[in-house]
file input-v9.txt (compact mmCIF, C-alpha atoms)
# COMPACT_ATOMS: atom_id res chain seq x y z
CA MET J 26 18.71 -19.78 25.29
CA LYS J 27 15.19 -18.62 24.42
CA ILE J 28 13.75 -18.98 20.93
CA ALA J 29 10.84 -16.87 19.64
CA ILE J 30 8.57 -18.43 17.00
CA THR J 31 5.99 -16.36 15.13
CA SER J 32 2.59 -18.00 15.38
CA GLN J 33 -1.03 -17.42 14.46
CA GLY J 34 -2.20 -18.91 17.75
CA LYS J 35 -0.95 -19.52 21.27
CA GLU J 36 -0.72 -23.33 21.20
CA GLN J 37 2.05 -25.72 20.31
CA ASN J 38 -0.11 -27.02 17.43
CA SER J 39 -1.04 -23.52 16.18
CA GLN J 40 -0.18 -22.56 12.63
CA PRO J 41 3.10 -20.63 12.30
CA ASP J 42 2.82 -16.99 11.18
CA MET J 43 4.90 -16.11 8.11
CA SER J 44 5.13 -12.44 9.15
CA PHE J 45 7.36 -11.18 11.90
CA GLY J 46 6.23 -7.63 12.77
CA ARG J 47 2.53 -8.37 12.44
CA ALA J 48 2.60 -11.95 13.74
CA LYS J 49 -0.37 -12.57 16.01
CA TRP J 50 1.65 -14.36 18.68
CA PHE J 51 5.22 -15.08 19.72
CA ILE J 52 5.76 -18.53 21.19
CA ILE J 53 8.83 -18.42 23.40
CA TYR J 54 10.63 -21.75 23.79
CA ASP J 55 13.15 -21.96 26.59
CA GLU J 56 15.85 -24.50 25.65
CA ASP J 57 17.07 -24.80 29.22
CA THR J 58 13.71 -25.66 30.81
CA GLY J 59 11.86 -26.95 27.73
CA ARG J 60 8.95 -24.67 28.59
CA LEU J 61 6.75 -22.81 26.11
CA GLU J 62 5.16 -19.43 26.70
CA ALA J 63 2.80 -17.48 24.40
CA ILE J 64 3.06 -13.68 24.11
CA GLU J 65 0.35 -11.81 22.20
CA ASN J 66 1.41 -9.27 19.56
CA ALA J 67 -2.10 -7.99 18.80
CA GLN J 68 -1.33 -4.30 19.29
CA ASN J 69 1.25 -4.57 16.51
CA VAL J 70 -1.00 -6.30 13.98
CA GLN J 71 -3.03 -3.08 13.52
CA THR J 72 -0.25 -0.52 13.74
CA ALA J 73 0.33 1.67 10.67
CA HIS J 74 4.09 2.04 10.97
CA GLY J 75 6.97 0.45 12.77
CA ALA J 76 5.43 -2.96 13.51
CA GLY J 77 8.74 -4.71 12.81
CA ILE J 78 10.70 -2.42 15.09
CA ASN J 79 8.21 -2.80 17.91
CA ALA J 80 8.07 -6.57 17.53
CA ALA J 81 11.86 -6.76 17.56
CA GLN J 82 11.89 -4.68 20.73
CA THR J 83 9.34 -7.10 22.26
CA VAL J 84 11.33 -10.26 21.53
CA ALA J 85 14.53 -8.56 22.69
CA ASP J 86 12.84 -7.67 25.99
CA LEU J 87 11.73 -11.31 26.35
CA GLY J 88 15.38 -12.30 26.19
CA ALA J 89 15.20 -14.26 22.93
CA GLY J 90 18.48 -15.13 21.24
CA VAL J 91 16.89 -16.52 18.08
CA VAL J 92 13.76 -15.65 16.11
CA LEU J 93 12.15 -18.32 13.92
CA THR J 94 9.88 -16.67 11.36
CA GLY J 95 8.83 -16.74 7.70
CA ASN J 96 9.86 -13.29 6.60
CA VAL J 97 11.57 -10.23 8.00
CA GLY J 98 11.40 -6.62 6.81
CA PRO J 99 14.28 -4.11 6.70
CA ASN J 100 13.51 -2.28 9.95
CA ALA J 101 12.89 -5.46 11.93
CA PHE J 102 16.12 -6.91 10.51
CA ARG J 103 18.11 -3.87 11.61
CA THR J 104 16.57 -3.86 15.09
CA LEU J 105 17.04 -7.60 15.65
CA GLN J 106 20.64 -7.34 14.49
CA ALA J 107 21.30 -4.47 16.88
CA ALA J 108 19.86 -6.62 19.67
CA GLY J 109 22.17 -9.48 18.67
CA ILE J 110 19.25 -11.78 17.86
CA ARG J 111 19.72 -14.36 15.12
CA ILE J 112 16.93 -14.59 12.50
CA VAL J 113 16.22 -18.06 11.18
CA LEU J 114 13.69 -18.62 8.41
CA PHE J 115 11.16 -21.43 8.05
CA ASP J 116 9.02 -22.00 4.96
CA LYS J 117 5.27 -22.28 4.63
CA ASN J 118 5.33 -26.08 4.55
CA ARG J 119 5.66 -26.04 8.34
CA LYS J 120 2.13 -26.56 9.60
CA THR J 121 2.55 -26.18 13.38
CA VAL J 122 4.78 -24.41 15.87
CA GLU J 123 5.89 -27.86 17.07
CA ASP J 124 6.89 -28.69 13.49
CA VAL J 125 8.94 -25.47 13.31
CA LEU J 126 10.69 -26.32 16.57
CA GLN J 127 11.55 -29.79 15.27
CA GLY J 128 12.98 -28.22 12.12
CA TRP J 129 15.09 -25.89 14.24
CA LYS J 130 16.37 -28.74 16.39
CA THR J 131 17.41 -30.79 13.36
CA GLY J 132 18.99 -27.74 11.70
CA ASP J 133 16.70 -27.63 8.65
CA PHE J 134 16.58 -23.85 8.39
CA SER J 135 18.94 -21.18 7.16
CA GLU J 136 19.72 -17.85 8.73
CA ALA J 137 18.58 -14.55 7.18
CA THR J 138 21.48 -12.37 6.10
CA LYS J 139 19.25 -9.53 4.93
CA ALA J 140 15.60 -8.50 4.91
CA THR J 141 13.44 -10.93 2.92
CA VAL J 142 10.56 -8.53 2.20
CA LYS J 143 10.15 -4.78 1.71
CA GLY J 144 8.73 -2.59 4.44
CA HIS J 145 5.01 -1.87 4.56
CA ARG J 146 4.62 1.77 3.73
CA VAL J 147 1.30 3.53 4.14
CA MET U 18 -7.67 33.19 -3.17
CA LYS U 19 -6.74 29.55 -2.62
CA ILE U 20 -8.45 26.80 -4.60
CA ALA U 21 -7.49 23.13 -4.32
CA ILE U 22 -8.19 20.66 -7.11
CA ALA U 23 -8.61 17.27 -5.49
CA SER U 24 -10.30 13.92 -6.12
CA GLY U 25 -10.83 10.72 -4.32
CA LYS U 26 -9.99 8.46 -7.23
CA GLY U 27 -6.69 8.96 -9.04
CA GLY U 28 -6.51 9.62 -12.77
CA THR U 29 -9.75 11.59 -12.97
CA GLY U 30 -8.07 14.72 -14.38
CA LYS U 31 -6.98 16.94 -11.48
CA THR U 32 -3.87 18.16 -13.23
CA THR U 33 -5.72 18.66 -16.52
CA VAL U 34 -8.35 20.81 -14.82
CA ALA U 35 -5.80 22.74 -12.73
CA VAL U 36 -3.56 23.62 -15.69
CA ASN U 37 -6.47 24.55 -17.98
CA PHE U 38 -7.94 26.86 -15.33
CA ALA U 39 -4.54 28.52 -14.85
CA GLN U 40 -4.18 29.01 -18.60
CA VAL U 41 -7.62 30.56 -19.18
CA LEU U 42 -7.09 32.91 -16.23
CA ALA U 43 -3.63 33.87 -17.47
CA ALA U 44 -5.05 34.50 -20.95
CA ALA U 45 -7.57 36.82 -19.31
CA GLY U 46 -4.68 38.80 -17.85
CA GLN U 47 -4.53 37.37 -14.32
CA GLU U 48 -1.42 36.40 -12.39
CA VAL U 49 -1.80 32.78 -11.30
CA THR U 50 0.32 30.47 -9.18
CA LEU U 51 0.01 26.74 -9.78
CA LEU U 52 1.12 24.71 -6.77
CA ASP U 53 1.98 21.12 -7.66
CA CYS U 54 1.28 19.41 -4.34
CA ASP U 55 1.09 15.91 -5.82
CA VAL U 56 4.62 15.56 -4.52
CA GLU U 57 4.92 11.82 -5.05
CA GLU U 58 4.43 12.29 -8.78
CA PRO U 59 4.40 15.99 -9.70
CA ASN U 60 3.38 16.33 -13.35
CA VAL U 61 2.10 19.89 -13.90
CA HIS U 62 5.39 20.74 -15.59
CA LEU U 63 4.70 18.18 -18.33
CA PHE U 64 1.75 20.30 -19.51
CA LEU U 65 2.86 23.80 -18.55
CA HIS U 66 6.42 23.53 -19.98
CA PRO U 67 7.80 26.23 -17.68
CA GLU U 68 11.32 27.59 -17.33
CA PHE U 69 12.60 26.54 -13.92
CA ASP U 70 14.83 29.12 -12.25
CA SER U 71 15.50 27.71 -8.77
CA VAL U 72 15.68 24.46 -6.83
CA SER U 73 15.84 24.23 -3.05
CA ALA U 74 15.84 21.42 -0.52
CA VAL U 75 13.00 20.60 1.87
CA GLU U 76 14.34 19.42 5.18
CA THR U 77 12.74 17.78 8.15
CA THR U 78 14.47 16.92 11.40
CA ILE U 79 15.42 13.62 12.98
CA PRO U 80 16.73 12.89 16.46
CA GLN U 81 20.41 12.39 17.14
CA VAL U 82 21.31 10.70 20.41
CA ASP U 83 24.38 11.61 22.44
CA GLU U 84 25.62 8.19 23.55
CA GLU U 85 27.66 9.74 26.38
CA LYS U 86 24.55 11.16 28.00
CA CYS U 87 22.10 8.35 27.11
CA THR U 88 21.31 5.93 29.94
CA GLY U 89 19.13 3.64 27.82
CA CYS U 90 16.02 4.52 29.84
CA ARG U 91 13.76 4.05 26.75
CA VAL U 92 11.58 7.09 27.38
CA CYS U 93 12.26 8.27 23.81
CA ALA U 94 11.05 4.99 22.27
CA GLU U 95 8.00 4.94 24.54
CA VAL U 96 6.83 8.45 23.63
CA CYS U 97 7.41 7.94 19.89
CA GLU U 98 4.01 7.38 18.30
CA TYR U 99 5.66 6.19 15.05
CA HIS U 100 8.15 3.62 16.40
CA ALA U 101 10.98 5.66 14.90
CA LEU U 102 13.22 4.84 17.87
CA ALA U 103 14.14 1.50 19.40
CA VAL U 104 16.32 1.02 22.48
CA LEU U 105 18.20 -2.25 22.85
CA GLY U 106 20.34 -2.24 25.96
CA LYS U 107 22.11 1.09 25.73
CA ASN U 108 21.94 1.11 21.94
CA VAL U 109 19.40 3.60 20.51
CA LEU U 110 18.35 2.97 16.91
CA VAL U 111 16.81 5.80 14.88
CA PHE U 112 14.63 5.02 11.85
CA PRO U 113 14.67 8.31 9.94
CA GLU U 114 11.96 7.47 7.41
CA LEU U 115 9.45 6.75 10.20
CA CYS U 116 10.16 9.99 12.09
CA HIS U 117 7.45 12.67 11.86
CA ALA U 118 9.70 15.29 13.44
CA CYS U 119 7.26 15.88 16.31
CA GLY U 120 10.06 16.50 18.79
CA ALA U 121 8.56 14.38 21.59
CA CYS U 122 11.76 12.37 22.10
CA VAL U 123 13.78 15.58 22.50
CA ARG U 124 11.32 17.07 24.96
CA PHE U 125 10.89 13.98 27.15
CA CYS U 126 14.49 12.72 27.28
CA PRO U 127 15.35 13.08 30.98
CA GLU U 128 19.08 13.27 30.21
CA GLU U 129 18.72 15.94 27.50
CA ALA U 130 20.69 13.54 25.33
CA ILE U 131 18.74 14.11 22.10
CA VAL U 132 19.09 16.95 19.62
CA GLU U 133 17.37 17.39 16.25
CA ILE U 134 19.43 17.38 13.09
CA PRO U 135 18.21 18.26 9.58
CA ARG U 136 17.49 15.66 6.90
CA GLU U 137 16.53 16.35 3.28
CA ILE U 138 13.30 14.67 2.18
CA GLY U 139 12.43 16.53 -1.01
CA THR U 140 12.91 19.54 -3.25
CA ILE U 141 11.00 22.62 -4.35
CA ARG U 142 11.36 23.90 -7.91
CA LYS U 143 10.17 27.33 -8.94
CA GLY U 144 9.35 28.09 -12.53
CA ARG U 145 7.30 30.34 -14.76
CA LYS U 146 5.44 30.27 -18.05
CA GLY U 147 4.08 33.70 -18.99
CA LYS U 148 1.73 34.88 -16.28
CA ILE U 149 1.71 31.47 -14.60
CA ARG U 150 4.14 30.81 -11.78
CA LEU U 151 4.73 27.15 -10.86
CA ILE U 152 5.84 25.98 -7.42
CA GLU U 153 6.52 22.25 -7.57
CA GLY U 154 7.12 19.96 -4.62
CA ARG U 155 8.91 16.67 -5.16
CA LEU U 156 9.34 14.03 -2.47
CA ASN U 157 12.60 12.10 -2.66
CA VAL U 158 12.29 8.45 -3.66
CA GLY U 159 11.85 6.21 -0.63
CA GLU U 160 10.55 8.98 1.62
CA VAL U 161 7.04 9.03 3.09
CA MET U 162 6.69 12.43 4.75
CA SER U 163 4.89 14.11 1.87
CA PRO U 164 2.87 16.51 4.09
CA ALA U 165 6.06 18.34 5.05
CA VAL U 166 6.89 18.97 1.37
CA ILE U 167 3.29 19.97 0.58
CA GLU U 168 3.20 22.45 3.45
CA ARG U 169 6.41 24.04 2.20
CA VAL U 170 5.00 24.40 -1.34
CA LYS U 171 1.96 26.18 0.10
CA LYS U 172 4.06 28.43 2.31
CA ILE U 173 6.10 29.56 -0.68
CA GLY U 174 3.38 29.64 -3.31
CA LEU U 175 0.34 31.17 -1.61
CA ASP U 176 0.81 34.91 -1.72
CA GLY U 177 -2.70 36.32 -1.71
CA LYS U 178 -3.15 36.24 -5.49
CA ILE U 179 -4.84 33.35 -7.28
CA GLY U 180 -3.36 30.07 -6.08
CA ILE U 181 -4.46 26.80 -7.67
CA ILE U 182 -3.33 23.70 -5.81
CA ASP U 183 -3.01 20.40 -7.68
CA ALA U 184 -3.60 17.96 -4.81
CA PRO U 185 -2.65 14.27 -4.59
CA PRO U 186 -5.45 11.69 -5.02
CA GLY U 187 -7.11 9.96 -2.09
CA THR U 188 -8.25 11.26 1.28
CA SER U 189 -5.22 10.59 3.49
CA CYS U 190 -2.73 12.89 5.24
CA PRO U 191 -1.08 14.32 2.08
CA VAL U 192 -4.48 15.33 0.68
CA ILE U 193 -5.50 16.93 3.97
CA ALA U 194 -2.21 18.85 3.96
CA ALA U 195 -2.92 20.07 0.40
CA VAL U 196 -6.54 21.18 0.85
CA ARG U 197 -6.42 22.50 4.42
CA ASP U 198 -6.94 26.27 4.78
CA THR U 199 -8.08 26.75 1.20
CA ASP U 200 -11.16 28.81 0.27
CA GLY U 201 -12.71 26.07 -1.82
CA VAL U 202 -12.06 22.57 -3.13
CA LEU U 203 -12.98 21.35 -6.59
CA LEU U 204 -13.41 17.58 -6.63
CA VAL U 205 -12.74 16.06 -10.05
CA THR U 206 -14.50 12.77 -10.65
CA GLU U 207 -15.76 10.48 -13.41
CA PRO U 208 -19.12 8.74 -13.86
CA THR U 209 -18.02 5.27 -12.80
CA PRO U 210 -18.85 3.33 -9.62
CA PHE U 211 -15.25 3.81 -8.48
CA GLY U 212 -15.42 7.54 -9.24
CA LEU U 213 -18.63 7.93 -7.23
CA TYR U 214 -17.42 5.83 -4.31
CA ASP U 215 -14.24 7.87 -3.93
CA LEU U 216 -16.12 11.15 -4.50
CA LYS U 217 -18.25 10.36 -1.46
CA LEU U 218 -15.12 9.83 0.63
CA ALA U 219 -13.63 13.09 -0.63
CA VAL U 220 -16.83 15.03 0.09
CA GLY U 221 -16.82 13.62 3.62
CA MET U 222 -13.23 14.78 4.04
CA VAL U 223 -13.77 18.38 2.88
CA ARG U 224 -16.92 18.67 4.97
CA LEU U 225 -15.00 17.57 8.05
CA LEU U 226 -12.48 20.30 7.26
CA GLY U 227 -15.31 22.81 6.82
CA ILE U 228 -14.28 23.82 3.29
CA PRO U 229 -16.90 24.48 0.59
CA CYS U 230 -16.68 22.18 -2.41
CA ALA U 231 -17.91 21.80 -5.98
CA VAL U 232 -17.58 18.98 -8.49
CA ALA U 233 -16.14 18.67 -12.00
CA ILE U 234 -17.08 15.57 -14.00
CA ASN U 235 -14.53 14.35 -16.51
CA ARG U 236 -15.45 11.97 -19.37
CA SER U 237 -18.97 13.07 -18.47
CA ASP U 238 -20.76 11.34 -21.33
CA LEU U 239 -19.58 7.88 -20.28
CA GLY U 240 -21.05 5.61 -17.67
CA GLU U 241 -23.90 6.19 -15.31
CA LYS U 242 -25.93 9.13 -14.02
CA GLU U 243 -25.48 8.29 -10.31
CA ILE U 244 -22.98 11.13 -9.80
CA TRP U 245 -25.55 13.76 -10.86
CA ARG U 246 -28.16 12.26 -8.54
CA TYR U 247 -25.68 12.15 -5.66
CA CYS U 248 -24.59 15.77 -6.20
CA ALA U 249 -28.23 16.92 -6.39
CA ASP U 250 -29.12 15.08 -3.19
CA GLU U 251 -26.08 16.49 -1.39
CA ARG U 252 -26.55 20.00 -2.91
CA ILE U 253 -23.06 20.00 -4.37
CA PRO U 254 -22.82 22.18 -7.50
CA ILE U 255 -21.39 20.62 -10.66
CA ILE U 256 -19.42 23.48 -12.19
CA LEU U 257 -17.74 21.74 -15.12
CA GLU U 258 -18.37 18.76 -17.36
CA ILE U 259 -15.71 17.60 -19.79
CA PRO U 260 -16.87 15.05 -22.37
CA ASN U 261 -14.93 11.95 -23.39
CA ASP U 262 -13.35 13.65 -26.42
CA ARG U 263 -10.65 11.64 -28.15
CA ARG U 264 -8.91 14.87 -29.18
CA ILE U 265 -8.35 15.69 -25.49
CA ALA U 266 -6.62 12.35 -24.95
CA GLU U 267 -4.47 12.93 -28.03
CA ALA U 268 -3.47 16.41 -26.83
CA TYR U 269 -2.68 14.99 -23.37
CA SER U 270 -0.42 12.35 -24.86
CA ARG U 271 1.62 15.13 -26.50
CA GLY U 272 1.84 17.21 -23.29
CA ARG U 273 -0.69 19.74 -24.57
CA THR U 274 -3.71 21.09 -22.70
CA ILE U 275 -7.35 21.14 -23.72
CA ILE U 276 -7.59 24.88 -24.30
CA GLU U 277 -4.36 25.01 -26.29
CA GLU U 278 -5.57 22.40 -28.74
CA LEU U 279 -9.32 22.95 -28.60
CA PRO U 280 -10.06 26.67 -28.19
CA GLU U 281 -13.80 26.00 -28.10
CA TYR U 282 -13.31 24.78 -24.51
CA ARG U 283 -11.99 28.16 -23.30
CA GLU U 284 -15.39 29.60 -22.54
CA LYS U 285 -16.38 26.40 -20.72
CA PHE U 286 -13.37 26.66 -18.40
CA LEU U 287 -13.86 30.40 -17.80
CA GLN U 288 -17.52 29.87 -16.94
CA GLY U 289 -16.58 26.88 -14.79
CA TRP U 290 -14.11 29.02 -12.84
CA GLN U 291 -16.73 31.71 -12.22
CA ALA U 292 -19.24 29.06 -11.13
CA LEU U 293 -16.62 27.57 -8.80
CA LEU U 294 -15.93 30.91 -7.12
CA GLU U 295 -19.65 31.61 -6.74
CA SER U 296 -20.39 28.17 -5.33
CA CYS U 297 -17.60 28.60 -2.78
CA SER U 298 -18.75 32.18 -2.00
CA ILE U 299 -15.52 33.71 -3.25
CA ALA U 300 -15.67 36.47 -5.87
call {"tool": "encode", "arguments": {"input": "input-v9.txt", "output": "structure tokens"}}
result
Amino acid sequence: MKIAITSQGKEQNSQPDMSFGRAKWFIIYDEDTGRLEAIENAQNVQTAHGAGINAAQTVADLGAGVVLTGNVGPNAFRTLQAAGIRIVLFDKNRKTVEDVLQGWKTGDFSEATKATVKGHRV
Amino acid sequence: MKIAIASGKGGTGKTTVAVNFAQVLAAAGQEVTLLDCDVEEPNVHLFLHPEFDSVSAVETTIPQVDEEKCTGCRVCAEVCEYHALAVLGKNVLVFPELCHACGACVRFCPEEAIVEIPREIGTIRKGRKGKIRLIEGRLNVGEVMSPAVIERVKKIGLDGKIGIIDAPPGTSCPVIAAVRDTDGVLLVTEPTPFGLYDLKLAVGMVRLLGIPCAVAINRSDLGEKEIWRYCADERIPIILEIPNDRRIAEAYSRGRTIIEELPEYREKFLQGWQALLESCSIA
């Protein structure tokens, strides 16, 4: 299974991004091969509306089964659910993507059952 | 005749100025329509105290996808500028509050699987107080498509007689919708750095739209003189100055207007209206 982690940079030691829709990068970790791949989300960072939906579409297209992120808005939550992607939340004490992955592997995190933040309305 | 009362900064006195103008014109025997286009927080009624006689719904449209016909090709999501559609496998998700009802998804769907269905986003109330007719737009809570409600208010309320539009604050889409196609815009401001900063933005907006504008300065005896210098430099007429009079604030807090409580202001508003029409070359 593939796991998408929201990140502020494209490296394993980059700082995790607490936002989902406007995360700067998605780091895709493939459990089967152990490989990491960085996907830029820059076009979404600036968008006025629908960043969460678009980001959810992106991670769904990448074949992710789980998203590890800090927060998730209502539209992203609905889209990820429809795609059958689990949403697992880390907290801001995680300083690197590697740290987040370790937390996931040891089962430190809990799954989101609803949106954790309100939508950004302009 | 269509005049919009706008401002960059909120809370400068748009509604106060709009209602007082309507009242002095009505007292002079004119039929006036007040259009409350501040649809996220319409408040003209709090000062006009009209009798409302009708309420109607404002609808927009959203796409509805026929799952039998849909092949999951994603064209609809790709053409949607507002990310109001997402396609996951063969599952199409519609996000109604993001939809701007542009119809692109319907037009470009190669399977003709999308139709538009109506969705209520707000209401229009019609009321009257003496010679003043009020058309009030109200956006439903949680909705964002205020321009659609504003455009409906203008369609109903502008009938060739005097129409005074109480616009929302700011310079974004709802304000553009409120001031577009008017004969003149009165920008209400206050002599503070914030008031001046936002006035400059608002002047830039009306100039882009090619609409003549004038300025009213509220609480004019407070603060700095920068606004006067700016207006002189930019050749923008100042047609009304309202001092920081405690009695005005007291009247406001009781839902009363300036000219109702302080008749000495009547002449000031009448002259201001004339100056506004002249400065916008209407008359």
call {"tool": "closest_residue", "arguments": {"input": "input-v9.txt", "among": "J:Lys139, J:Arg119, J:Lys130, J:Arg103", "to": "chain U", "atoms": "only C-alpha atoms"}}
result
J:Arg103
call {"tool": "closest_atom_pairs", "arguments": {"input": "input-v9.txt", "of": "stretch 116-192 of chain U", "to": "stretch 69-81 of chain J", "cutoff": "12 Å", "atoms": "all atoms listed in the file", "output": "tab-separated table"}}
result
residue	atom	partner	partner_atom	distance
U:Cys116	CA	J:His74	CA	10.1
U:His117	CA	J:His74	CA	11.2
U:Val161	CA	J:His74	CA	10.9
call {"tool": "closest_residue", "arguments": {"input": "input-v9.txt", "among": "J:Glu65, J:Glu56, J:Asp86, J:Glu123", "to": "chain U", "atoms": "all atoms listed in the file"}}
result
J:Asp86
call {"tool": "closest_residue", "arguments": {"input": "input-v9.txt", "among": "U:His66, U:Lys171, U:Arg283, U:Arg264", "to": "U:Gly154", "atoms": "only C-alpha atoms"}}
result
U:Lys171
call {"tool": "closest_residue", "arguments": {"input": "input-v9.txt", "among": "U:Met222, U:Val166, U:Cys230, U:Val92", "to": "U:Leu204", "atoms": "all atoms listed in the file"}}
result
U:Cys230
call {"tool": "residues_around", "arguments": {"input": "input-v9.txt", "residues": "stretch 236-245 of chain U", "least_positions_apart": "4", "cutoff": "8 Å", "atoms": "all atoms listed in the file", "output": "PyMOL selection string"}}
result
chain U and resi 207-209+213+249+258-262
call {"tool": "closest_residue", "arguments": {"input": "input-v9.txt", "among": "U:Val72, U:Ile141, U:Ala184, U:Val104", "to": "chain J", "atoms": "only C-alpha atoms"}}
result
U:Val104
call {"tool": "residues_near_point", "arguments": {"input": "input-v9.txt", "point": "(16.3, 26.1, -20.8)", "cutoff": "12 Å", "atoms": "all atoms listed in the file", "output": "PyMOL selection string"}}
result
chain U and resi 66-70+144-146
call {"tool": "closest_residue", "arguments": {"input": "input-v9.txt", "among": "U:Ala292, U:Ala23, U:Cys97, U:Ala35", "to": "chain J", "atoms": "all atoms listed in the file"}}
result
U:Cys97
call {"tool": "interface_residues", "arguments": {"input": "input-v9.txt", "of": "chain U", "to": "chain J", "cutoff": "8 Å", "atoms": "all atoms listed in the file", "output": "ChimeraX atom specification"}}
result
/U:99-101,103-106,108,110,112,115,161
call {"tool": "residues_near_point", "arguments": {"input": "input-v9.txt", "point": "(20.1, 15.3, 5.0)", "cutoff": "12 Å", "atoms": "all atoms listed in the file", "output": "PyMOL selection string"}}
result
chain U and resi 74-79+113-114+133-140+157+160
call {"tool": "atom_distance", "arguments": {"input": "input-v9.txt", "atom1": "atom CA of U:Asn235", "atom2": "atom CA of U:Leu218"}}
result
17.7 Å
call {"tool": "atom_distance", "arguments": {"input": "input-v9.txt", "atom1": "atom CA of U:Glu57", "atom2": "atom CA of U:Ile193"}}
result
14.7 Å
call {"tool": "axis_aligned_box", "arguments": {"input": "input-v9.txt", "around": "stretch 182-198 of chain U", "padding_each_side": "3 Å", "output": "JSON"}}
result
{"center_x": -4.7, "center_y": 18.1, "center_z": -1.2, "size_x": 13.2, "size_y": 22.3, "size_z": 18.9}
call {"tool": "decode", "arguments": {"input": "input-v9.txt", "residues": "stretch 230-235 of chain U", "atoms": "all heavy atoms", "output": "short mmCIF file (atom, residue, chain, number, x, y, z; two decimals), in the first residue's frame"}}
result
data_model
loop_
_atom_site.label_atom_id
_atom_site.label_comp_id
_atom_site.auth_asym_id
_atom_site.auth_seq_id
_atom_site.Cartn_x
_atom_site.Cartn_y
_atom_site.Cartn_z
N CYS U 230 -17.05 58.61 -9.63
CA CYS U 230 -17.22 58.45 -8.19
C CYS U 230 -17.03 59.77 -7.45
O CYS U 230 -16.41 60.70 -7.95
CB CYS U 230 -16.29 57.38 -7.62
SG CYS U 230 -14.56 57.84 -7.57
N ALA U 231 -17.62 59.83 -6.26
CA ALA U 231 -17.43 60.95 -5.34
C ALA U 231 -17.23 60.34 -3.96
O ALA U 231 -17.40 59.14 -3.77
CB ALA U 231 -18.65 61.86 -5.36
N VAL U 232 -16.85 61.19 -3.00
CA VAL U 232 -16.52 60.70 -1.66
C VAL U 232 -17.39 61.38 -0.61
O VAL U 232 -17.71 62.57 -0.73
CB VAL U 232 -15.02 60.92 -1.38
CG1 VAL U 232 -14.70 60.84 0.11
CG2 VAL U 232 -14.18 59.90 -2.14
N ALA U 233 -17.81 60.61 0.39
CA ALA U 233 -18.42 61.17 1.60
C ALA U 233 -17.50 60.80 2.76
O ALA U 233 -17.02 59.66 2.84
CB ALA U 233 -19.81 60.58 1.82
N ILE U 234 -17.22 61.77 3.64
CA ILE U 234 -16.34 61.51 4.77
C ILE U 234 -17.16 61.53 6.06
O ILE U 234 -17.76 62.55 6.40
CB ILE U 234 -15.19 62.53 4.86
CG1 ILE U 234 -14.43 62.56 3.52
CG2 ILE U 234 -14.24 62.17 6.00
CD1 ILE U 234 -13.32 63.59 3.47
N ASN U 235 -17.20 60.39 6.71
CA ASN U 235 -17.93 60.26 7.97
C ASN U 235 -16.97 60.50 9.14
O ASN U 235 -15.78 60.23 9.01
CB ASN U 235 -18.57 58.87 8.05
CG ASN U 235 -19.66 58.78 9.10
OD1 ASN U 235 -20.02 59.79 9.72
ND2 ASN U 235 -20.18 57.59 9.29
#
